[in-house]
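Colleague: First, the structure itself, so that you have it in front of you.
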Amino acid sequence: MRFLPDKFISTLILAILVASLLPVKGEAAYWFGLATKFAIGLLFFLHGARLSQQAVVQGIVHWRLHLVVLAVTFVVFPLIGLSLGWAIPGFANSAFYAGILFLCVLPSTVQSSIAFTSIAKGNVPAAIVSASASNILGMFLTPLLVGLLFTTQGEAGISLDALESILLQLLVPFVAGQILQPWIGHFIRRHNKALGLVDRGSIVMVVYLAFSEAMVQGLWTEVSGHDLAIMIAVNIGLLAFILWFTGFIAKMLGFSRADRITIIFCGSKKSLASGAPMASVIFPAAMVGGIVLPLMIFHQIQLMACAVLARRYAAQADALESSQAEQGL
């Protein structure tokens, strides 16, 4: 079993350390910010170009499954986030509660949801559609939910400037990629590993810029070890509950084993690849560091937990196939 941080998380931690020691400032921060915006636009262009129309057709018939995943992602998660602020004394006033709320309104991951579903021998075509639909709808629903939840908590809602930035930096590149998908989609999917550097590179840029600004604004002087410990515990508890809930609701609704696996892995994930760029667009620069830190930690926890679950489901599937083969003999 693998419990050490993966290379990507280690790179993000390194980016935070570098930002803490050598934050980008002044005119350099301006130009680095422009480069980061370009990288974010390229990231969402590639997301649009990667989405195969054939995969959509293959998975679209499982509409009940997709509705369950979307409901968990954009209804159950936000309700849990709100309830945490009411249930845990003082948590709503902590430095990281806004980050937990933001985490709760993000779309599911794409690559890891599909990968874990495949390892666990779940319904892969349905996972492709659910995860992709979650990310597409997230470009609209995440900003709306940020405006609703943060206003409810007495924080500033989403501004018109942020909506304009979302349109220009996220939605327009994504639509352009989807329009060009019939011509460039095959090339991009064939070179997915190399182009994945754009995904990871843009997130590293967002994290470095965010924590540079946070360092300049004195984020770490406002954060206590108590707040940090509570945030980590909340992340663990949140994932544990949602993994149980997705499995329970999928079984209660009568889904097949393969579909239940898809619902668990697609419904429990939150996307760092979408979340970090969105945070940099939606929130003021001084807030982004504190906003994305809970998401980074949740991302690592979900990778470790789902890796264990996927292997367990795969072993169960192998045992079931062996048993059925013996009975057939």
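Chain identifiers are assigned as A, B, and so on, following the order in which chains appear in the structure tokens; residues are numbered from 1 within each chain, and ligands are numbered from 1 in order of appearance.
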Skipping near chain neighbours, those fewer than 5 positions away, what residues fall within 10 Å of Phe74 in chain A using only C-alpha atoms, listed as an mmCIF file with N, CA, C and O atoms, in the first residue's frame?
Modeller:
```
data_model
loop_
_atom_site.group_PDB
_atom_site.id
_atom_site.type_symbol
_atom_site.label_atom_id
_atom_site.label_comp_id
_atom_site.auth_asym_id
_atom_site.auth_seq_id
_atom_site.Cartn_x
_atom_site.Cartn_y
_atom_site.Cartn_z
ATOM 1 N N VAL A 69 -24.224 11.035 -9.105
ATOM 2 C CA VAL A 69 -22.885 11.621 -8.948
ATOM 3 C C VAL A 69 -22.971 13.141 -8.864
ATOM 4 O O VAL A 69 -22.341 13.769 -7.996
ATOM 5 N N LEU A 79 -23.853 20.923 1.295
ATOM 6 C CA LEU A 79 -24.643 20.867 2.528
ATOM 7 C C LEU A 79 -23.787 20.398 3.697
ATOM 8 O O LEU A 79 -23.916 20.906 4.822
ATOM 9 N N CYS A 104 -15.911 21.927 -1.158
ATOM 10 C CA CYS A 104 -17.202 21.225 -1.229
ATOM 11 C C CYS A 104 -18.015 21.570 -2.475
ATOM 12 O O CYS A 104 -18.936 20.820 -2.828
ATOM 13 N N VAL A 105 -17.725 22.679 -3.134
ATOM 14 C CA VAL A 105 -18.517 23.056 -4.317
ATOM 15 C C VAL A 105 -17.779 22.782 -5.628
ATOM 16 O O VAL A 105 -18.277 23.119 -6.701
ATOM 17 N N LEU A 106 -16.614 22.137 -5.541
ATOM 18 C CA LEU A 106 -15.836 21.857 -6.750
ATOM 19 C C LEU A 106 -16.357 20.625 -7.484
ATOM 20 O O LEU A 106 -16.989 19.757 -6.881
ATOM 21 N N PRO A 107 -16.071 20.516 -8.781
ATOM 22 C CA PRO A 107 -16.428 19.302 -9.529
ATOM 23 C C PRO A 107 -15.520 18.142 -9.164
ATOM 24 O O PRO A 107 -14.519 18.301 -8.466
ATOM 25 N N SER A 108 -15.880 16.958 -9.674
ATOM 26 C CA SER A 108 -15.083 15.756 -9.471
ATOM 27 C C SER A 108 -13.814 15.816 -10.320
ATOM 28 O O SER A 108 -13.702 16.614 -11.247
ATOM 29 N N SER A 134 -19.308 16.494 -14.754
ATOM 30 C CA SER A 134 -19.092 17.218 -13.506
ATOM 31 C C SER A 134 -18.199 18.431 -13.726
ATOM 32 O O SER A 134 -18.469 19.528 -13.209
ATOM 33 N N LEU A 137 -20.154 21.149 -15.962
ATOM 34 C CA LEU A 137 -21.146 21.859 -15.159
ATOM 35 C C LEU A 137 -20.494 22.668 -14.052
ATOM 36 O O LEU A 137 -21.020 23.701 -13.631
ATOM 37 N N GLY A 138 -19.328 22.188 -13.580
ATOM 38 C CA GLY A 138 -18.646 22.905 -12.514
ATOM 39 C C GLY A 138 -18.238 24.311 -12.889
ATOM 40 O O GLY A 138 -18.157 25.194 -12.032
ATOM 41 N N LEU A 141 -21.656 25.880 -12.073
ATOM 42 C CA LEU A 141 -22.211 25.654 -10.743
ATOM 43 C C LEU A 141 -21.265 26.078 -9.625
ATOM 44 O O LEU A 141 -21.718 26.613 -8.607
ATOM 45 N N THR A 142 -19.963 25.849 -9.790
ATOM 46 C CA THR A 142 -19.032 26.212 -8.727
ATOM 47 C C THR A 142 -19.062 27.714 -8.420
ATOM 48 O O THR A 142 -19.201 28.097 -7.253
ATOM 49 N N LEU A 145 -22.387 28.482 -6.663
ATOM 50 C CA LEU A 145 -22.418 27.984 -5.293
ATOM 51 C C LEU A 145 -21.490 28.780 -4.386
ATOM 52 O O LEU A 145 -21.796 28.982 -3.206
ATOM 53 N N GLY A 267 -18.130 10.243 -7.288
ATOM 54 C CA GLY A 267 -18.867 11.094 -6.361
ATOM 55 C C GLY A 267 -18.050 11.592 -5.189
ATOM 56 O O GLY A 267 -18.402 12.605 -4.572
#
```
Colleague: Can you write out as a Markdown table which residues of range 251-310 of chain A fall within 10 Å of range 195-201 of chain A, alongside each residue's closest atom pair and its distance in Å to one decimal, counting only C-alpha atoms and ordering rows by chain and ascending residue number?
Modeller:
```
| residue | atom | partner | partner_atom | distance |
| --- | --- | --- | --- | --- |
| A:Leu272 | CA | A:Arg200 | CA | 9.7 |
| A:Ala273 | CA | A:Asp199 | CA | 6.8 |
| A:Ser274 | CA | A:Asp199 | CA | 9.4 |
```
Colleague: To one decimal in Å, tell me the separation between CA of Phe187 in chain A and CA of Ile114 in chain A.
Modeller: 19.8 Å
Colleague: Which residue, A:Pro89, A:Gly81, A:Gly225, A:Gly177, has the smallest gap to Leu239 in chain A when you use only C-alpha atoms?
Modeller: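 So, comparing all the options, the nearest one is A:Gly81.
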Colleague: If we count only C-alpha atoms, what is near Phe45 in chain A at a cut-off of 9 Å, once residues fewer than 5 positions away on the same chain are taken out, given as a PyMOL selection string?
Modeller: chain A and resi 40+50+170-178
Colleague: With C-alpha atoms kept, could you save the residues just selected as a PDB file, in the first residue's frame?
Modeller:
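Writing the result to out.pdb gives the following:
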```pdb
ATOM      1  CA  ILE A  40      -4.946  28.189 -17.003  1.00  0.00           C
ATOM      2  CA  ARG A  50      -9.537  15.688 -24.741  1.00  0.00           C
ATOM      3  CA  LEU A 170     -12.132  28.874 -18.373  1.00  0.00           C
ATOM      4  CA  LEU A 171     -15.262  28.586 -20.490  1.00  0.00           C
ATOM      5  CA  VAL A 172     -14.089  30.124 -23.785  1.00  0.00           C
ATOM      6  CA  PRO A 173     -10.907  27.983 -23.978  1.00  0.00           C
ATOM      7  CA  PHE A 174     -12.892  24.862 -23.054  1.00  0.00           C
ATOM      8  CA  VAL A 175     -15.510  25.507 -25.763  1.00  0.00           C
ATOM      9  CA  ALA A 176     -12.732  26.215 -28.294  1.00  0.00           C
ATOM     10  CA  GLY A 177     -11.088  22.919 -27.414  1.00  0.00           C
ATOM     11  CA  GLN A 178     -14.356  21.045 -27.767  1.00  0.00           C
TER      12      GLN A 178
END
```
Colleague: With only C-alpha atoms as the atoms that count, which of A:Gly48, A:Gly290, A:Pro23, A:Gly85 lies nearest to Leu180 in chain A?
Modeller: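 Nearest to Leu180 in chain A: A:Gly48.
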Colleague: I'd like the neighbourhood of Leu67 in chain A as a PDB file with C-alpha atoms, in the first residue's frame, where a residue qualifies if any of its atoms comes within 10 Å (using only C-alpha atoms), though same-chain residues fewer than 5 positions away should be ignored.
Modeller:
```pdb
ATOM      1  CA  HIS A  62     -26.534   5.739 -17.605  1.00  0.00           C
ATOM      2  CA  VAL A  72     -23.508  14.189  -4.401  1.00  0.00           C
ATOM      3  CA  THR A  73     -20.942  16.555  -5.934  1.00  0.00           C
ATOM      4  CA  SER A 130     -19.811  11.477 -15.137  1.00  0.00           C
ATOM      5  CA  ILE A 263     -20.526   6.309  -8.200  1.00  0.00           C
TER       6      ILE A 263
END
```
